>>> print(open('run-v2.tsv').read())   # TSV, N, CA and C atoms
chain	number	residue	atom	x	y	z
J	2	MET	N	85.17	118.42	112.75
J	2	MET	CA	86.10	117.93	113.75
J	2	MET	C	85.44	117.93	115.13
J	3	ILE	N	84.76	119.00	115.47
J	3	ILE	CA	84.16	119.13	116.78
J	3	ILE	C	82.67	119.36	116.58
J	4	PHE	N	81.85	118.81	117.46
J	4	PHE	CA	80.41	119.00	117.31
J	4	PHE	C	79.79	119.53	118.58
J	5	TYR	N	78.64	120.13	118.43
J	5	TYR	CA	77.88	120.65	119.56
J	5	TYR	C	76.83	119.63	119.97
J	6	ASN	N	76.63	119.48	121.24
J	6	ASN	CA	75.56	118.63	121.76
J	6	ASN	C	74.55	119.57	122.41
J	7	PRO	N	73.40	119.74	121.79
J	7	PRO	CA	72.46	120.74	122.30
J	7	PRO	C	71.65	120.30	123.52
J	8	SER	N	72.11	119.31	124.24
J	8	SER	CA	71.37	118.90	125.44
J	8	SER	C	71.49	119.98	126.52
J	9	ILE	N	70.43	120.17	127.25
J	9	ILE	CA	70.39	121.22	128.26
J	9	ILE	C	70.80	120.65	129.62
J	10	ASN	N	71.71	121.33	130.27
J	10	ASN	CA	72.09	121.00	131.64
J	10	ASN	C	71.06	121.67	132.53
J	11	VAL	N	70.22	120.89	133.18
J	11	VAL	CA	69.09	121.42	133.93
J	11	VAL	C	69.54	122.36	135.04
J	12	ARG	N	70.60	122.04	135.75
J	12	ARG	CA	71.04	122.87	136.86
J	12	ARG	C	71.55	124.22	136.38
J	13	LYS	N	72.28	124.26	135.27
J	13	LYS	CA	72.88	125.51	134.80
J	13	LYS	C	72.09	126.14	133.67
J	14	GLU	N	71.15	125.39	133.09
J	14	GLU	CA	70.37	125.85	131.96
J	14	GLU	C	71.25	126.42	130.85
J	15	ALA	N	72.26	125.67	130.48
J	15	ALA	CA	73.17	126.08	129.42
J	15	ALA	C	73.43	124.90	128.50
J	16	LEU	N	73.91	125.19	127.32
J	16	LEU	CA	74.26	124.13	126.39
J	16	LEU	C	75.47	123.37	126.89
J	17	VAL	N	75.46	122.08	126.71
J	17	VAL	CA	76.60	121.25	127.04
J	17	VAL	C	77.35	120.99	125.74
J	18	ILE	N	78.60	121.34	125.70
J	18	ILE	CA	79.40	121.19	124.49
J	18	ILE	C	80.35	120.02	124.69
J	19	LYS	N	80.34	119.12	123.73
J	19	LYS	CA	81.22	117.95	123.80
J	19	LYS	C	82.19	117.97	122.63
J	20	ILE	N	83.37	117.44	122.85
J	20	ILE	CA	84.37	117.31	121.79
J	20	ILE	C	84.32	115.89	121.27
J	21	ASN	N	84.37	115.75	119.96
J	21	ASN	CA	84.47	114.42	119.37
J	21	ASN	C	85.96	114.05	119.40
J	22	ILE	N	86.35	113.39	120.47
J	22	ILE	CA	87.76	113.11	120.72
J	22	ILE	C	88.36	112.23	119.63
J	23	LYS	N	87.60	111.27	119.15
J	23	LYS	CA	88.10	110.41	118.07
J	23	LYS	C	88.49	111.24	116.85
J	24	ASN	N	87.62	112.18	116.47
J	24	ASN	CA	87.92	113.03	115.32
J	24	ASN	C	89.13	113.93	115.57
J	25	VAL	N	89.25	114.44	116.78
J	25	VAL	CA	90.40	115.29	117.10
J	25	VAL	C	91.68	114.47	117.00
J	26	ASN	N	91.68	113.27	117.56
J	26	ASN	CA	92.88	112.43	117.50
J	26	ASN	C	93.22	112.03	116.07
J	27	GLU	N	92.20	111.77	115.25
J	27	GLU	CA	92.45	111.46	113.84
J	27	GLU	C	93.06	112.67	113.12
J	28	TYR	N	92.56	113.86	113.43
J	28	TYR	CA	93.10	115.08	112.84
J	28	TYR	C	94.56	115.28	113.25
J	29	LEU	N	94.84	115.07	114.54
J	29	LEU	CA	96.21	115.21	115.02
J	29	LEU	C	97.15	114.25	114.30
J	30	ALA	N	96.71	113.01	114.13
J	30	ALA	CA	97.53	112.01	113.45
J	30	ALA	C	97.75	112.39	111.99
J	31	LYS	N	96.70	112.86	111.34
J	31	LYS	CA	96.79	113.26	109.93
J	31	LYS	C	97.76	114.42	109.74
J	32	GLN	N	97.77	115.34	110.69
J	32	GLN	CA	98.67	116.50	110.63
J	32	GLN	C	100.06	116.20	111.19
J	33	ASN	N	100.21	114.99	111.75
J	33	ASN	CA	101.44	114.60	112.44
J	33	ASN	C	101.72	115.55	113.60
J	34	TRP	N	100.67	115.87	114.35
J	34	TRP	CA	100.73	116.76	115.50
J	34	TRP	C	100.53	115.96	116.78
J	35	ASN	N	100.92	116.57	117.88
J	35	ASN	CA	100.58	116.04	119.19
J	35	ASN	C	99.73	117.09	119.92
J	36	GLN	N	99.37	116.83	121.15
J	36	GLN	CA	98.51	117.77	121.88
J	36	GLN	C	99.21	119.12	122.09
J	37	SER	N	100.51	119.09	122.23
J	37	SER	CA	101.26	120.33	122.39
J	37	SER	C	101.15	121.21	121.14
J	38	ASP	N	101.24	120.59	119.97
J	38	ASP	CA	101.11	121.33	118.72
J	38	ASP	C	99.71	121.95	118.59
J	39	LEU	N	98.70	121.19	118.99
J	39	LEU	CA	97.33	121.70	118.94
J	39	LEU	C	97.17	122.89	119.89
J	40	ALA	N	97.74	122.77	121.07
J	40	ALA	CA	97.67	123.86	122.05
J	40	ALA	C	98.31	125.14	121.50
J	41	LYS	N	99.45	125.00	120.85
J	41	LYS	CA	100.12	126.16	120.26
J	41	LYS	C	99.29	126.77	119.14
J	42	ALA	N	98.71	125.92	118.31
J	42	ALA	CA	97.92	126.41	117.17
J	42	ALA	C	96.68	127.16	117.64
J	43	LEU	N	96.09	126.73	118.75
J	43	LEU	CA	94.88	127.36	119.27
J	43	LEU	C	95.16	128.43	120.32
J	44	ASN	N	96.44	128.57	120.70
J	44	ASN	CA	96.86	129.52	121.73
J	44	ASN	C	96.19	129.24	123.08
J	45	PHE	N	96.18	127.95	123.44
J	45	PHE	CA	95.71	127.50	124.74
J	45	PHE	C	96.84	126.75	125.43
J	46	SER	N	96.73	126.58	126.73
J	46	SER	CA	97.75	125.84	127.45
J	46	SER	C	97.66	124.34	127.12
J	47	GLU	N	98.79	123.67	127.21
J	47	GLU	CA	98.82	122.23	126.97
J	47	GLU	C	97.97	121.50	128.00
J	48	SER	N	97.99	121.98	129.22
J	48	SER	CA	97.21	121.30	130.27
J	48	SER	C	95.71	121.40	129.99
J	49	LEU	N	95.24	122.53	129.48
J	49	LEU	CA	93.82	122.67	129.16
J	49	LEU	C	93.43	121.71	128.04
J	50	ILE	N	94.26	121.59	127.02
J	50	ILE	CA	93.98	120.66	125.92
J	50	ILE	C	93.91	119.23	126.45
J	51	THR	N	94.86	118.86	127.30
J	51	THR	CA	94.87	117.52	127.87
J	51	THR	C	93.61	117.26	128.69
J	52	LEU	N	93.21	118.22	129.51
J	52	LEU	CA	92.01	118.05	130.33
J	52	LEU	C	90.77	117.87	129.46
J	53	MET	N	90.67	118.61	128.38
J	53	MET	CA	89.50	118.49	127.51
J	53	MET	C	89.51	117.16	126.75
J	54	LEU	N	90.68	116.73	126.28
J	54	LEU	CA	90.75	115.49	125.51
J	54	LEU	C	90.65	114.24	126.38
J	55	THR	N	90.83	114.40	127.68
J	55	THR	CA	90.62	113.27	128.59
J	55	THR	C	89.27	113.39	129.29
J	56	GLU	N	88.45	114.34	128.82
J	56	GLU	CA	87.09	114.56	129.31
J	56	GLU	C	87.02	114.91	130.80
J	57	LYS	N	88.07	115.54	131.30
J	57	LYS	CA	88.07	116.00	132.68
J	57	LYS	C	87.60	117.45	132.79
J	58	ARG	N	87.47	118.09	131.63
J	58	ARG	CA	86.97	119.46	131.59
J	58	ARG	C	86.21	119.67	130.29
J	59	GLU	N	85.09	120.37	130.40
J	59	GLU	CA	84.30	120.67	129.21
J	59	GLU	C	84.93	121.86	128.49
J	60	PRO	N	84.85	121.88	127.17
J	60	PRO	CA	85.41	123.01	126.42
J	60	PRO	C	84.60	124.28	126.65
J	61	SER	N	85.29	125.39	126.67
J	61	SER	CA	84.63	126.67	126.83
J	61	SER	C	84.08	127.15	125.48
J	62	ARG	N	83.24	128.13	125.53
J	62	ARG	CA	82.72	128.74	124.30
J	62	ARG	C	83.88	129.34	123.50
J	63	GLU	N	84.84	129.94	124.21
J	63	GLU	CA	86.02	130.52	123.53
J	63	GLU	C	86.79	129.44	122.77
J	64	PHE	N	86.95	128.26	123.39
J	64	PHE	CA	87.65	127.17	122.73
J	64	PHE	C	86.92	126.76	121.45
J	65	MET	N	85.61	126.63	121.55
J	65	MET	CA	84.83	126.19	120.39
J	65	MET	C	84.87	127.21	119.26
J	66	GLU	N	85.01	128.48	119.60
J	66	GLU	CA	85.06	129.52	118.57
J	66	GLU	C	86.38	129.50	117.80
J	67	ARG	N	87.43	129.02	118.44
J	67	ARG	CA	88.73	128.98	117.77
J	67	ARG	C	88.78	127.79	116.86
>>> encode(input="run-v2.tsv", output="structure tokens")
Amino acid sequence: MIFYNPSINVRKEALVIKINIKNVNEYLAKQNWNQSDLAKALNFSESLITLMLTEKREPSREFMER
């Protein structure tokens, strides 16, 4: 569902993690879920899920672990 992009951010020297939004949306549709349901299942705020799925915020390591 989600993949890691091992490209290095030169300024921060850290891994850049990207969400495969298409796969997430397909999963949500298959489960008949919306972003709110995903937020509840992962115990994250709805606003954080929205920011990540609209690519306005990169996912945290904690998010990727869940």
>>> residues_around(input="run-v2.tsv", residues="J:Glu47", least_positions_apart="5", cutoff="8 Å", atoms="only N, CA and C atoms", output="PyMOL selection string")
chain J and resi 36-41+52-53
>>> closest_residue(input="run-v2.tsv", among="J:Glu27, J:Asn21, J:Arg67, J:Asn33", to="J:Thr55", atoms="only C-alpha atoms")
J:Asn21
>>> atom_distance(input="run-v2.tsv", atom1="atom C of J:Lys57", atom2="atom C of J:Lys31")
25.4 Å
>>> atom_distance(input="run-v2.tsv", atom1="atom N of J:Glu63", atom2="atom C of J:Leu43")
11.1 Å
>>> atom_distance(input="run-v2.tsv", atom1="atom C of J:Ala30", atom2="atom N of J:Glu59")
23.7 Å
